[in-house]
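Enquirer: Quick one: the structure is below, and I'll ask about it shortly.
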Amino acid sequence: MTDARTNMRLKLPITCFILEIILIILFGVLVEYDDDTDAKKWHAMVNKSQGHSEYENEFYYRYPSFQDVHVMIFIGFGFLMTFLQRYGFGSVGFNFLIAAFSLQWATLMQGFFHGMHAGKIHIGVESMINADFCTGAVLISFGAVLGKTSPVQLLIMAIFEVTLFAVNEFILLTLLGTKDAGGSMTIHTFGAYFGLMVTRILFRPNLEKSKHKNCSVYHSDLFAMIGSIYLWMFWPSFNSAITEHGDDQHRTAMNTYYSLAACTMSTYAMSALTAHDGKLDMVHIQNAALAGGVAAGTAGEMMLTPFGSMIVGFLAGMISVLGFKYLSPILEEKLKIQDTCGVHNLHGMPGILGAIVGAVTASVATRDVYGDGMIDVFPDVANGERTASYQGGVQAISLAVTLGIALLGGLIVGFILKLPIFGAPHDTTCFEDNLYWEMPGEEASHEDQLTTVNTEEAAKLNS
Amino acid sequence: MTDARTNMRLKLPITCFILEIILIILFGVLVEYDDDTDAKKWHAMVNKSQGHSEYENEFYYRYPSFQDVHVMIFIGFGFLMTFLQRYGFGSVGFNFLIAAFSLQWATLMQGFFHGMHAGKIHIGVESMINADFCTGAVLISFGAVLGKTSPVQLLIMAIFEVTLFAVNEFILLTLLGTKDAGGSMTIHTFGAYFGLMVTRILFRPNLEKSKHKNCSVYHSDLFAMIGSIYLWMFWPSFNSAITEHGDDQHRTAMNTYYSLAACTMSTYAMSALTAHDGKLDMVHIQNAALAGGVAAGTAGEMMLTPFGSMIVGFLAGMISVLGFKYLSPILEEKLKIQDTCGVHNLHGMPGILGAIVGAVTASVATRDVYGDGMIDVFPDVANGERTASYQGGVQAISLAVTLGIALLGGLIVGFILKLPIFGAPHDTTCFEDNLYWEMPGEEASHEDQLTTVNTEEAAKLNS
Amino acid sequence: MTDARTNMRLKLPITCFILEIILIILFGVLVEYDDDTDAKKWHAMVNKSQGHSEYENEFYYRYPSFQDVHVMIFIGFGFLMTFLQRYGFGSVGFNFLIAAFSLQWATLMQGFFHGMHAGKIHIGVESMINADFCTGAVLISFGAVLGKTSPVQLLIMAIFEVTLFAVNEFILLTLLGTKDAGGSMTIHTFGAYFGLMVTRILFRPNLEKSKHKNCSVYHSDLFAMIGSIYLWMFWPSFNSAITEHGDDQHRTAMNTYYSLAACTMSTYAMSALTAHDGKLDMVHIQNAALAGGVAAGTAGEMMLTPFGSMIVGFLAGMISVLGFKYLSPILEEKLKIQDTCGVHNLHGMPGILGAIVGAVTASVATRDVYGDGMIDVFPDVANGERTASYQGGVQAISLAVTLGIALLGGLIVGFILKLPIFGAPHDTTCFEDNLYWEMPGEEASHEDQLTTVNTEEAAKLNS
């Protein structure tokens with residue numbers, strides 16, 4: 001299996017070293033501690049204001065959420081993709097690599113677009129959460145191409161995707177004043193359609209040669225459940241991580257909690273209903289049960305009510321299972337979209353649903369319901385700069401903008417990744433860790449081991 | 001294995017859809033955001049009081065504990081039960097389903113009993129923790145019947161158990177003024193004896209037909225350790241999640257931490273001591289080492305002292321291992337109680353121990369020890385409404401009430417579950433995922449795969 | 001495999017019982033709740049000061065960090081070591097046992113050295129974090145001897161190592177005024193060189209008899225990745241857990257986050273570069289990618305800058321992979337150091353690097369950079385008691401002291417562990433769970449199970 005084209009001995013180190021050295025230089029030139037992380041600035045702030053205490057550092061109100069998001073990115077996404085029988089190392093390992101790169105690159109790109117301070121990017125726990133969010137979009141795209149790309153291709157993809165993510169985020173959040181706390185649009189819709197377009201361009205007509213490895217085994221499905229359940233549990237933290245303090249974070253977490261619970265119920269129902277023998281399908285459980293989190297990503301911070309959240313989650317689970325069952329095969333056969341993890345069903349359609357729910361919920365927002373809290377959720381509406389229905393229109397336009405940038409970006413990046421220099425696997429070696437990883441030996445059967453031991457002990461006794 | 005009786009194609013979707021639609025309607029009619037999650041109400045509160053800041057939202061003082069509890073419910077319980085060799089999907093998957101249902105239903109039942117506000121149930125992070133707690137009791141009962149019930153039976157069980165849990169909790173916490181922060185009685189004793197009675201009624205005389213699957217294999221024991229260790233680590237958060245703020249949460253977490261550490265020591269000691277060859281048994285390690293958390297569930301918030309906590313944990317571990325070793329076989333043979341996970345040893349007896357320790361600790365509480373903190377731990381004693389020894393008596397009565405409701409409830413629910421319409425497995429197909437789950441293929445051996453690849457590559461080179 | 005020498009039936013219970021009873025007695029005599037956990041003292045404090053509220057209890061500012069550290073100790077270390085194919089029970093199980101013992105013993109030892117209050121040790125969340133930290137050092141040493149020691153040997157090792165850890169920590173933090181928040185010296189360097197010396201003394205010339213089990217298989221490497229990724233994710237919490245409140249905790253977490261990200265990039269680069277076929281090695285990914293956390297353990301709380309942190313992490317990853325590839329074989333062949341987990345590469349060298357970076361960073365600290373925050377990071381420099389370069393010198397001396405105590409301590413403890421009474425495994429039974437654990441049966445192949453079921457069902461139908 002040694003093959004100069006796919007050999008990573010020089011390609012990967014060169015890519016990693018160049019990227020990291022560029023990152024270090026740019027961090028050295030551009031990045032500074034923000035007010036809450038800088039020893040001098042923070043102490044000056046605490047000393048100045050009487051009421052301001054050490055305990056009001058942003059760290060204490062965001063860091064627990066950050067860590068939950070961090071677990072979703074590294075354990076959640078990483079292990080969710082270990083469902084493939086011989087791609088566990090690649091799933092969790094490449095997830096690790098591109099996430100570690102993306103969060104650094106995202107710090108720079110988002111810092112650049114979110115506004116510099118005298119030529120410097122200021123960072124703290126909020127920028128760390130945003131960097132992890134952006135990384136999430138890259139990992140969603142990774143799910144679409146899982147098993148069919150080299151680590152170098154993935155890093156190249158991450159460079160461009162992080163950049164375009166930051167551009168799209170800037171257009172939505174800053175230019176348009178869109179609300180999208182949990183990223184139904186900026187993260188899920190963007191990541192999914194970007195990845196789907198990339199995998200479309202990288203279409204492999206002979207992928208069936210690796211078909212026998214493009215499936216799970218019993219234990220790999222259990223590993224995948226670790227990732228899935230962590231994503232499910234911490235999604236409330238994800239959606240609420242960067243909302244305003246107080247009721248906003250609290251409400252967003254709770255809405256997401258109920259959306260996910262309802263989604264799980266409809267996922268199990270649909271999974272049994274669409275199977276000819278009524279048996280539950282692990283693919284649905286691992287993925288569709290999470291759609292409720294995606295679909296609550298925009299409206300979760302709004303006054304969606306627990307009841308509204310449950311309806312959204314309920315619909316998201318149904319759509320997602322139906323997508324896995326009926327739409328994915330069509331996408332693959334007719335549109336030549338080989339979507340390994342089915343990200344269209346987990347992130348694509350539920351993301352669009354979430355954006356629509358957000359637009360509708362925004363358009364009916366009233367001061368009667370939000371009170372003085374309106375300023376946190378819809379500042380432009382509270383300030384009288386726009387009406388609620390105008391805000392709803394902006395939300396809808398934002399979805400279109402996101403889809404456009406994602407598809408166009410995926411198209412271009414797909415063609416870049418087609419360059420035959422990045423060490424992509426052959427059609428016969430997709431979904432196979434053996435290509436890029438040193439493989440451990442097979443487990444000697446237990447009986448063999450006992451025999452070995454006994455023989456050796458016997459030899460010892462005889463000597 | 002297709003069998004109309006156990007086929008879930010219609011039974012499960014109908015149950016899930018009906019239940020979720022009822023939940024959504026009831027949430028729509030009855031449930032409202034509480035003061036800390038409602039945009040209008042929270043901002044009105046913050047504006048009114050000068051000192052009240054965004055940072056005092058309950059979210060920041062409960063949500064990290066909530067997430068730890070959430071991990072215990074979905075990863076902890078779910079993976080602890082994956083020890084069975086061919087029931088990993090059912091363990092983590094049905095755990096997921098019934099927990100997602102129970103937390104919604106518990107929100108309504110507990111909200112109803114905990115006091116409505118003008119006909120509405122108010123919810124926030126504290127109700128979310130309570131809903132997860134109630135779910136914990138259902139999952140304990142699930143452990144007793146694991147592998148022997150259909151998902152529909154489990155949902156039916158959850159409906160009734162959640163309701164009875166809320167009744168028992170209301171009697172204890174509201175009517176009797178019992179203290180039970182970590183639920184030694186309300187959660188563990190209740191869940192265990194309810195489940196034991198259910199499994200008694202569902203007794204299967206021919207269960208030995210599935211006996212060869214009612215055991216672990218090497219890897220399944222490692223998956224179970226993930227669940228076990230998470231339960232162990234986060235138990236301090238569990239017991240302290242809804243105690244009063246300040247010293248109470250702090251002390252409860254610390255007492256539980258030391259109780260668990262001591263329990264682990266006695267578990268290892270007893271496991272080796274009771275084995276004829278001195279070998280440690282994974283069943284003991286996975287379960288008995290957690291008994292210290294159960295046993296500190298009532299007295300953990302009291303001034304139990306670290307030293308007292310360690311004695312409690314030490315005893316709990318010993319009792320639990322002895323239960324697994326000597327009592328469980330007797331229960332199975334003489335009393336016909338087929339307790340798959342041994343919940344009697346992990347939750348039953350340690351729960352009773354915890355209740356007794358709580359009663360004794362309460363009865364010796366003095367103002368000298370608690371100072372002004374008495375009001376948080378024993379409000380009725382602090383207010384002079386009852387003496388400490390009276391409080392101790394109430395605690396003891398609460399244990400009896402809990403046992404009574406659990407056993408009677410389990411009896412009735414057991415008979416309901418016996419109705420032959422819920423798709424229960426046959427005696428020969430217990431502990432087997434194949435019945436309710438689409439099974440993935442077996443892993444092709446690595447050598448086979450290499451052969452395939454080489455053959456294909458050779459073919460390619462020849463062409 | 002029953003052998004009186006390695007039989008744990010009496011050895012382990014006697015050791016556990018004696019140790020736990022001593023712990024309980026000492027806790028009873030010496031340990032008290034601190035001001036934040038004691039009902040009376042805390043309420044007296046809250047009542048006295050007007051501004052002091054329930055929300056200022058230390059619990060809320062340390063407990064989330066504590067839980068992250070706790071996960072690192074029990075899941076992180078425990079599962080990282082499950083990479084061995086037949087030592088998963090021993091890895092996670094003995095990790096569990098010695099951690100549960102060590103945290104109790106560390107509470108006493110550290111409490112004794114950190115200063116008693118009228119003859120009493122006061123404990124709360126900060127002492128819990130410190131106890132977990134000390135436990136970390138023991139687990140690092142465990143990594144060096146993994147698979148070659150009995151649980152009794154490990155407990156004996158823990159008794160001495162915890163004691164010496166507390167002595168070294170006292171010398172550094174109290175006597176010398178060294179800064180070492182994340183323990184590059186006190187935890188990592190100490191634990192690594194202590195363990196390396198122990199394993200040197202316990203050198204087994206015939207260890208190749210167990211060689212075929214001293215390696216991983218596919219699934220065991222995935223279990224190990226769970227441990228590794230948790231360590232990686234929560235390392236920012238580890239390094240910041242006991243720094244001062246405010247900017248200090250915030251900055252330390254962020255520095256560590258960027259150090260780890262850069263480290264991951266250089267780890268992947270070096271792993272591919274040093275493999276003859278360019279394939280990534282799981283051992284490197286699991287271990288070397290964490291070196292960035294170790295190396296940021298001392299300077300992480302200083303004004304290292306994100307850019308500086310990334311350089312440190314980048315170097316740490318490179319050094320660590322090179323160590324695994326080229327140094328470990330030399331250590332084993334020439335110096336007879338059989339380091340099962342390669343702790344020298346993950347904790348030893350990166351720990352020394354971290355100590356050096358800390359010394360250099362301290363020596364260039366200026367009031368211009370730290371402002372009033374100087375008092376938190378370098379109190380002696382802020383007070384004018386010493387210059388920054390003197391502080392740097394103290395940091396360097398502290399490394400030497402740590403190495404000295406670790407090596408000398410390991411030497412003595414190694415000889416103690418050589419006593420033939422602790423049930424150490426034979427050379428032929430190392431790295432094998434079968435020796436100390438009841439082994440579950442092998443998994444019946446799925447086809448067999450189906451056959452069994454069908455046969456039984458057929459029999460039933462015929463009857």
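Residues in the structure tokens are numbered from 1 in each chain, the chains being A, B, ... in the order shown, and ligands are numbered from 1 in the order shown.
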Show me, as a list in words, the residues that have an atom within 9 Å of C:Tyr390 when counting only C-alpha atoms, minus same-chain residues fewer than 6 positions from it.
Expert: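 Residues meeting the cut-off are Ala362, Ser363 and Val381 of chain C.
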Enquirer: Excluding A:Val394 and any residue of its chain fewer than 3 positions from it, enumerate the residues within 8 Å of it, using only C-alpha atoms, and give them as a PyMOL selection string.
Expert: chain A and resi 176-178+359+390-391+397-398
Enquirer: Got time to write the residues from that selection, all heavy atoms, as a PDB file, in the first residue's frame?
Expert:
```
ATOM      1  N   LEU A 176     -25.934  42.875   8.003  1.00  0.00           N
ATOM      2  CA  LEU A 176     -27.391  42.742   7.931  1.00  0.00           C
ATOM      3  C   LEU A 176     -28.075  42.801   9.290  1.00  0.00           C
ATOM      4  O   LEU A 176     -29.284  43.008   9.359  1.00  0.00           O
ATOM      5  CB  LEU A 176     -27.765  41.420   7.245  1.00  0.00           C
ATOM      6  CG  LEU A 176     -27.326  41.259   5.782  1.00  0.00           C
ATOM      7  CD1 LEU A 176     -27.710  39.867   5.273  1.00  0.00           C
ATOM      8  CD2 LEU A 176     -27.978  42.322   4.902  1.00  0.00           C
ATOM      9  N   GLY A 177     -27.327  42.623  10.368  1.00  0.00           N
ATOM     10  CA  GLY A 177     -27.963  42.611  11.682  1.00  0.00           C
ATOM     11  C   GLY A 177     -28.826  41.390  11.905  1.00  0.00           C
ATOM     12  O   GLY A 177     -29.847  41.436  12.606  1.00  0.00           O
ATOM     13  N   THR A 178     -28.420  40.273  11.337  1.00  0.00           N
ATOM     14  CA  THR A 178     -29.158  39.027  11.507  1.00  0.00           C
ATOM     15  C   THR A 178     -28.902  38.453  12.895  1.00  0.00           C
ATOM     16  O   THR A 178     -27.830  38.652  13.463  1.00  0.00           O
ATOM     17  CB  THR A 178     -28.669  38.003  10.457  1.00  0.00           C
ATOM     18  OG1 THR A 178     -28.626  38.643   9.190  1.00  0.00           O
ATOM     19  CG2 THR A 178     -29.564  36.785  10.414  1.00  0.00           C
ATOM     20  N   ALA A 359     -36.819  33.287  11.152  1.00  0.00           N
ATOM     21  CA  ALA A 359     -37.394  34.422  10.414  1.00  0.00           C
ATOM     22  C   ALA A 359     -38.837  34.667  10.845  1.00  0.00           C
ATOM     23  O   ALA A 359     -39.241  35.813  11.097  1.00  0.00           O
ATOM     24  CB  ALA A 359     -37.321  34.151   8.912  1.00  0.00           C
ATOM     25  N   TYR A 390     -39.613  43.503   9.278  1.00  0.00           N
ATOM     26  CA  TYR A 390     -38.410  43.787   8.500  1.00  0.00           C
ATOM     27  C   TYR A 390     -37.267  42.878   8.972  1.00  0.00           C
ATOM     28  O   TYR A 390     -36.533  42.308   8.168  1.00  0.00           O
ATOM     29  CB  TYR A 390     -38.032  45.251   8.673  1.00  0.00           C
ATOM     30  CG  TYR A 390     -36.869  45.690   7.812  1.00  0.00           C
ATOM     31  CD1 TYR A 390     -37.079  46.229   6.535  1.00  0.00           C
ATOM     32  CD2 TYR A 390     -35.553  45.592   8.272  1.00  0.00           C
ATOM     33  CE1 TYR A 390     -36.019  46.626   5.740  1.00  0.00           C
ATOM     34  CE2 TYR A 390     -34.491  45.986   7.490  1.00  0.00           C
ATOM     35  CZ  TYR A 390     -34.716  46.504   6.234  1.00  0.00           C
ATOM     36  OH  TYR A 390     -33.655  46.901   5.449  1.00  0.00           O
ATOM     37  N   GLN A 391     -37.159  42.743  10.289  1.00  0.00           N
ATOM     38  CA  GLN A 391     -36.145  41.831  10.851  1.00  0.00           C
ATOM     39  C   GLN A 391     -36.359  40.421  10.317  1.00  0.00           C
ATOM     40  O   GLN A 391     -35.409  39.727   9.941  1.00  0.00           O
ATOM     41  CB  GLN A 391     -36.210  41.828  12.387  1.00  0.00           C
ATOM     42  CG  GLN A 391     -35.234  40.880  13.085  1.00  0.00           C
ATOM     43  CD  GLN A 391     -33.789  41.372  13.045  1.00  0.00           C
ATOM     44  OE1 GLN A 391     -33.535  42.570  13.094  1.00  0.00           O
ATOM     45  NE2 GLN A 391     -32.837  40.457  12.910  1.00  0.00           N
ATOM     46  N   ILE A 397     -33.495  36.679   4.058  1.00  0.00           N
ATOM     47  CA  ILE A 397     -32.460  37.012   3.073  1.00  0.00           C
ATOM     48  C   ILE A 397     -31.123  36.390   3.483  1.00  0.00           C
ATOM     49  O   ILE A 397     -30.357  35.902   2.643  1.00  0.00           O
ATOM     50  CB  ILE A 397     -32.337  38.547   2.945  1.00  0.00           C
ATOM     51  CG1 ILE A 397     -33.562  39.096   2.211  1.00  0.00           C
ATOM     52  CG2 ILE A 397     -31.054  38.937   2.225  1.00  0.00           C
ATOM     53  CD1 ILE A 397     -33.713  40.600   2.316  1.00  0.00           C
ATOM     54  N   SER A 398     -30.852  36.393   4.781  1.00  0.00           N
ATOM     55  CA  SER A 398     -29.595  35.842   5.280  1.00  0.00           C
ATOM     56  C   SER A 398     -29.432  34.376   4.919  1.00  0.00           C
ATOM     57  O   SER A 398     -28.331  33.903   4.642  1.00  0.00           O
ATOM     58  CB  SER A 398     -29.532  35.988   6.803  1.00  0.00           C
ATOM     59  OG  SER A 398     -29.590  37.348   7.156  1.00  0.00           O
TER      60      SER A 398
END
```
Enquirer: Compute the chain A side of the contact with chain B at 6 Å, counting only C-alpha atoms, and hand it back as a ChimeraX atom specification.
Expert: /A:216-217,246-247,250-251,261,265,269,272-273,278-281,307,370-373
Enquirer: Quick one: residues within 10 Å of stretch 317-322 of chain B, only C-alpha atoms, excluding same-chain residues fewer than 5 positions away - as a PyMOL selection string?
Expert: chain B and resi 259-260+262-271+274+281+283-285+287-293+295+312+327-328+342-350+353
Enquirer: Kindly export the residues of the current selection with C-alpha atoms, as a PDB file, in the first residue's frame.
Expert:
```pdb
ATOM      1  CA  SER B 259     -17.869   9.219  50.284  1.00  0.00           C
ATOM      2  CA  LEU B 260     -17.202   7.951  46.770  1.00  0.00           C
ATOM      3  CA  ALA B 262     -13.868   5.652  50.419  1.00  0.00           C
ATOM      4  CA  CYS B 263     -16.481   3.517  48.694  1.00  0.00           C
ATOM      5  CA  THR B 264     -14.061   2.717  45.880  1.00  0.00           C
ATOM      6  CA  MET B 265     -11.518   1.445  48.378  1.00  0.00           C
ATOM      7  CA  SER B 266     -13.963  -0.885  50.106  1.00  0.00           C
ATOM      8  CA  THR B 267     -15.354  -2.075  46.768  1.00  0.00           C
ATOM      9  CA  TYR B 268     -11.955  -3.224  45.545  1.00  0.00           C
ATOM     10  CA  ALA B 269     -11.222  -4.829  48.883  1.00  0.00           C
ATOM     11  CA  MET B 270     -14.492  -6.752  49.006  1.00  0.00           C
ATOM     12  CA  SER B 271     -14.358  -7.746  45.353  1.00  0.00           C
ATOM     13  CA  THR B 274     -15.104 -12.591  47.985  1.00  0.00           C
ATOM     14  CA  ASP B 281     -14.944  -8.616  39.242  1.00  0.00           C
ATOM     15  CA  VAL B 283     -19.494  -5.992  37.852  1.00  0.00           C
ATOM     16  CA  HIS B 284     -18.495  -4.879  41.343  1.00  0.00           C
ATOM     17  CA  ILE B 285     -16.180  -2.147  40.151  1.00  0.00           C
ATOM     18  CA  ASN B 287     -21.538  -0.706  40.234  1.00  0.00           C
ATOM     19  CA  ALA B 288     -20.562  -1.000  43.893  1.00  0.00           C
ATOM     20  CA  ALA B 289     -18.004   1.809  43.638  1.00  0.00           C
ATOM     21  CA  LEU B 290     -20.939   4.151  42.975  1.00  0.00           C
ATOM     22  CA  ALA B 291     -22.878   3.154  46.085  1.00  0.00           C
ATOM     23  CA  GLY B 292     -21.087   5.880  48.052  1.00  0.00           C
ATOM     24  CA  GLY B 293     -22.847   8.494  45.952  1.00  0.00           C
ATOM     25  CA  ALA B 295     -25.658   6.610  50.261  1.00  0.00           C
ATOM     26  CA  VAL B 312     -20.891   6.030  54.918  1.00  0.00           C
ATOM     27  CA  LEU B 327     -28.005 -11.613  47.874  1.00  0.00           C
ATOM     28  CA  SER B 328     -28.720 -11.328  44.141  1.00  0.00           C
ATOM     29  CA  GLY B 342     -28.357  -5.588  40.073  1.00  0.00           C
ATOM     30  CA  VAL B 343     -30.060  -2.301  40.881  1.00  0.00           C
ATOM     31  CA  HIS B 344     -30.910  -3.655  44.313  1.00  0.00           C
ATOM     32  CA  ASN B 345     -27.218  -3.608  45.157  1.00  0.00           C
ATOM     33  CA  LEU B 346     -26.372  -0.240  43.654  1.00  0.00           C
ATOM     34  CA  HIS B 347     -29.549   1.747  44.299  1.00  0.00           C
ATOM     35  CA  GLY B 348     -31.773  -0.292  46.607  1.00  0.00           C
ATOM     36  CA  MET B 349     -29.725  -1.117  49.681  1.00  0.00           C
ATOM     37  CA  PRO B 350     -27.412   1.924  49.457  1.00  0.00           C
ATOM     38  CA  LEU B 353     -28.593   3.152  53.967  1.00  0.00           C
TER      39      LEU B 353
END
```
Enquirer: I want to know what sits within 9 Å of A:Ser210, based on only C-alpha atoms, with residues of the same chain fewer than 5 positions away left out; could you give that as a count of residues only?
Expert: 7
Enquirer: Write out as a compact mmCIF listing (two decimals) with N, CA and C atoms, in the first residue's frame which residues come within 12 Å of A:Ala106 when counting only C-alpha atoms, dropping same-chain ones fewer than 2 positions away.
Expert:
```txt
# COMPACT_ATOMS: atom_id res chain seq x y z
N LEU A 23 0.66 30.98 11.05
CA LEU A 23 -0.22 31.31 12.16
C LEU A 23 0.54 32.00 13.28
N PHE A 27 -0.19 35.70 14.56
CA PHE A 27 -0.57 35.92 15.97
C PHE A 27 0.40 36.90 16.63
N ILE A 98 -7.80 18.91 11.87
CA ILE A 98 -8.36 20.08 11.19
C ILE A 98 -9.04 21.01 12.18
N ALA A 99 -9.54 20.48 13.30
CA ALA A 99 -10.11 21.36 14.31
C ALA A 99 -9.02 22.19 14.98
N ALA A 100 -7.88 21.56 15.27
CA ALA A 100 -6.78 22.30 15.91
C ALA A 100 -6.27 23.40 14.99
N PHE A 101 -6.22 23.12 13.70
CA PHE A 101 -5.83 24.18 12.77
C PHE A 101 -6.91 25.25 12.64
N SER A 102 -8.15 24.81 12.45
CA SER A 102 -9.23 25.76 12.16
C SER A 102 -9.45 26.76 13.28
N LEU A 103 -9.32 26.30 14.51
CA LEU A 103 -9.61 27.24 15.60
C LEU A 103 -8.58 28.36 15.67
N GLN A 104 -7.36 28.07 15.26
CA GLN A 104 -6.35 29.13 15.23
C GLN A 104 -6.61 30.09 14.07
N LEU A 108 -8.04 34.40 13.76
CA LEU A 108 -7.54 35.50 12.94
C LEU A 108 -8.62 36.04 12.00
N MET A 109 -9.28 35.15 11.28
CA MET A 109 -10.27 35.57 10.28
C MET A 109 -11.45 36.28 10.94
N GLN A 110 -11.96 35.69 12.03
CA GLN A 110 -13.09 36.32 12.71
C GLN A 110 -12.66 37.61 13.38
N GLY A 111 -11.46 37.61 13.95
CA GLY A 111 -10.95 38.82 14.59
C GLY A 111 -10.82 39.94 13.58
N PHE A 112 -10.39 39.59 12.40
CA PHE A 112 -10.22 40.58 11.34
C PHE A 112 -11.56 41.20 10.96
N PHE A 113 -12.58 40.34 10.82
CA PHE A 113 -13.88 40.84 10.37
C PHE A 113 -14.72 41.44 11.50
N HIS A 114 -14.51 40.93 12.71
CA HIS A 114 -15.32 41.42 13.83
C HIS A 114 -14.87 42.79 14.33
N ILE A 121 -6.13 42.36 17.01
CA ILE A 121 -7.27 41.49 17.31
C ILE A 121 -7.25 41.18 18.81
N ILE A 123 -8.51 39.00 21.98
CA ILE A 123 -9.09 37.68 22.18
C ILE A 123 -9.33 37.34 23.64
N SER A 127 -14.05 34.96 21.94
CA SER A 127 -13.44 34.64 20.64
C SER A 127 -13.09 33.15 20.56
N MET A 128 -12.78 32.56 21.70
CA MET A 128 -12.52 31.11 21.70
C MET A 128 -13.78 30.33 21.31
N ILE A 129 -14.92 30.76 21.85
CA ILE A 129 -16.18 30.09 21.48
C ILE A 129 -16.46 30.28 20.00
N ASN A 130 -16.28 31.50 19.52
CA ASN A 130 -16.53 31.75 18.11
C ASN A 130 -15.59 30.94 17.21
N ALA A 131 -14.35 30.79 17.65
CA ALA A 131 -13.41 29.99 16.86
C ALA A 131 -13.85 28.53 16.83
N ASP A 132 -14.31 28.03 17.96
CA ASP A 132 -14.83 26.66 17.98
C ASP A 132 -16.07 26.53 17.09
N PHE A 133 -16.92 27.54 17.09
CA PHE A 133 -18.12 27.52 16.23
C PHE A 133 -17.72 27.39 14.76
N CYS A 134 -16.80 28.23 14.35
CA CYS A 134 -16.35 28.21 12.96
C CYS A 134 -15.77 26.84 12.63
N THR A 135 -15.01 26.29 13.56
CA THR A 135 -14.46 24.94 13.39
C THR A 135 -15.58 23.93 13.17
N GLY A 136 -16.69 24.12 13.88
CA GLY A 136 -17.83 23.22 13.71
C GLY A 136 -18.29 23.15 12.26
N ALA A 137 -18.33 24.29 11.58
CA ALA A 137 -18.76 24.30 10.18
C ALA A 137 -17.81 23.48 9.32
N VAL A 138 -16.50 23.60 9.58
CA VAL A 138 -15.52 22.83 8.81
C VAL A 138 -15.73 21.33 9.05
N ALA A 158 -10.03 23.51 4.89
CA ALA A 158 -10.26 24.31 6.10
C ALA A 158 -9.80 25.75 5.91
N ILE A 159 -8.67 25.93 5.25
CA ILE A 159 -8.17 27.30 5.03
C ILE A 159 -9.25 28.14 4.34
N PHE A 160 -9.80 27.61 3.26
CA PHE A 160 -10.77 28.38 2.50
C PHE A 160 -12.11 28.47 3.22
N GLU A 161 -12.52 27.37 3.82
CA GLU A 161 -13.85 27.37 4.43
C GLU A 161 -13.92 28.32 5.62
N VAL A 162 -12.87 28.32 6.43
CA VAL A 162 -12.84 29.25 7.57
C VAL A 162 -12.94 30.69 7.08
N THR A 163 -12.22 30.99 6.02
CA THR A 163 -12.22 32.34 5.48
C THR A 163 -13.61 32.73 5.00
N LEU A 164 -14.23 31.85 4.22
CA LEU A 164 -15.56 32.15 3.70
C LEU A 164 -16.60 32.18 4.82
N PHE A 165 -16.41 31.33 5.82
CA PHE A 165 -17.30 31.36 6.98
C PHE A 165 -17.27 32.75 7.62
N ALA A 166 -16.05 33.27 7.79
CA ALA A 166 -15.92 34.59 8.43
C ALA A 166 -16.55 35.68 7.58
N VAL A 167 -16.41 35.56 6.26
CA VAL A 167 -17.03 36.54 5.36
C VAL A 167 -18.56 36.48 5.50
N GLU A 169 -20.34 35.23 7.94
CA GLU A 169 -20.74 35.64 9.29
C GLU A 169 -20.74 37.16 9.40
```
Enquirer: Can you tell me, as a list in words, what residues are no more than 7 Å from A:Ser309 when counting only C-alpha atoms, ignoring any on the same chain fewer than 5 positions away?
Expert: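 The residues that qualify are Asn255, Thr256, Tyr258, Ser259, Ala296 and Leu304 of chain A.
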Enquirer: When DSSP is applied to the backbone of this structure, which of stretch 130-374 of chain A are assigned alpha helix (DSSP H)? Write them out as JSON, numbers by chain.
Expert: {"A": [130, 131, 132, 133, 134, 135, 136, 137, 138, 139, 140, 141, 142, 143, 144, 145, 151, 152, 153, 154, 155, 156, 157, 158, 159, 160, 161, 162, 163, 164, 165, 166, 167, 168, 169, 190, 191, 192, 193, 194, 195, 196, 197, 198, 199, 200, 201, 218, 219, 220, 221, 222, 223, 224, 225, 226, 227, 228, 229, 230, 231, 232, 233, 234, 235, 236, 237, 238, 239, 240, 247, 248, 249, 250, 251, 252, 253, 254, 255, 256, 257, 258, 259, 260, 261, 262, 263, 264, 265, 266, 267, 268, 269, 270, 271, 272, 273, 282, 283, 284, 285, 286, 287, 291, 292, 293, 294, 295, 305, 306, 307, 308, 309, 310, 311, 312, 313, 314, 315, 316, 317, 318, 319, 320, 321, 322, 328, 329, 330, 331, 332, 333, 334, 343, 349, 350, 351, 352, 353, 354, 355, 356, 357, 358, 359, 360, 361, 362, 363, 367, 368, 369, 370, 374]}
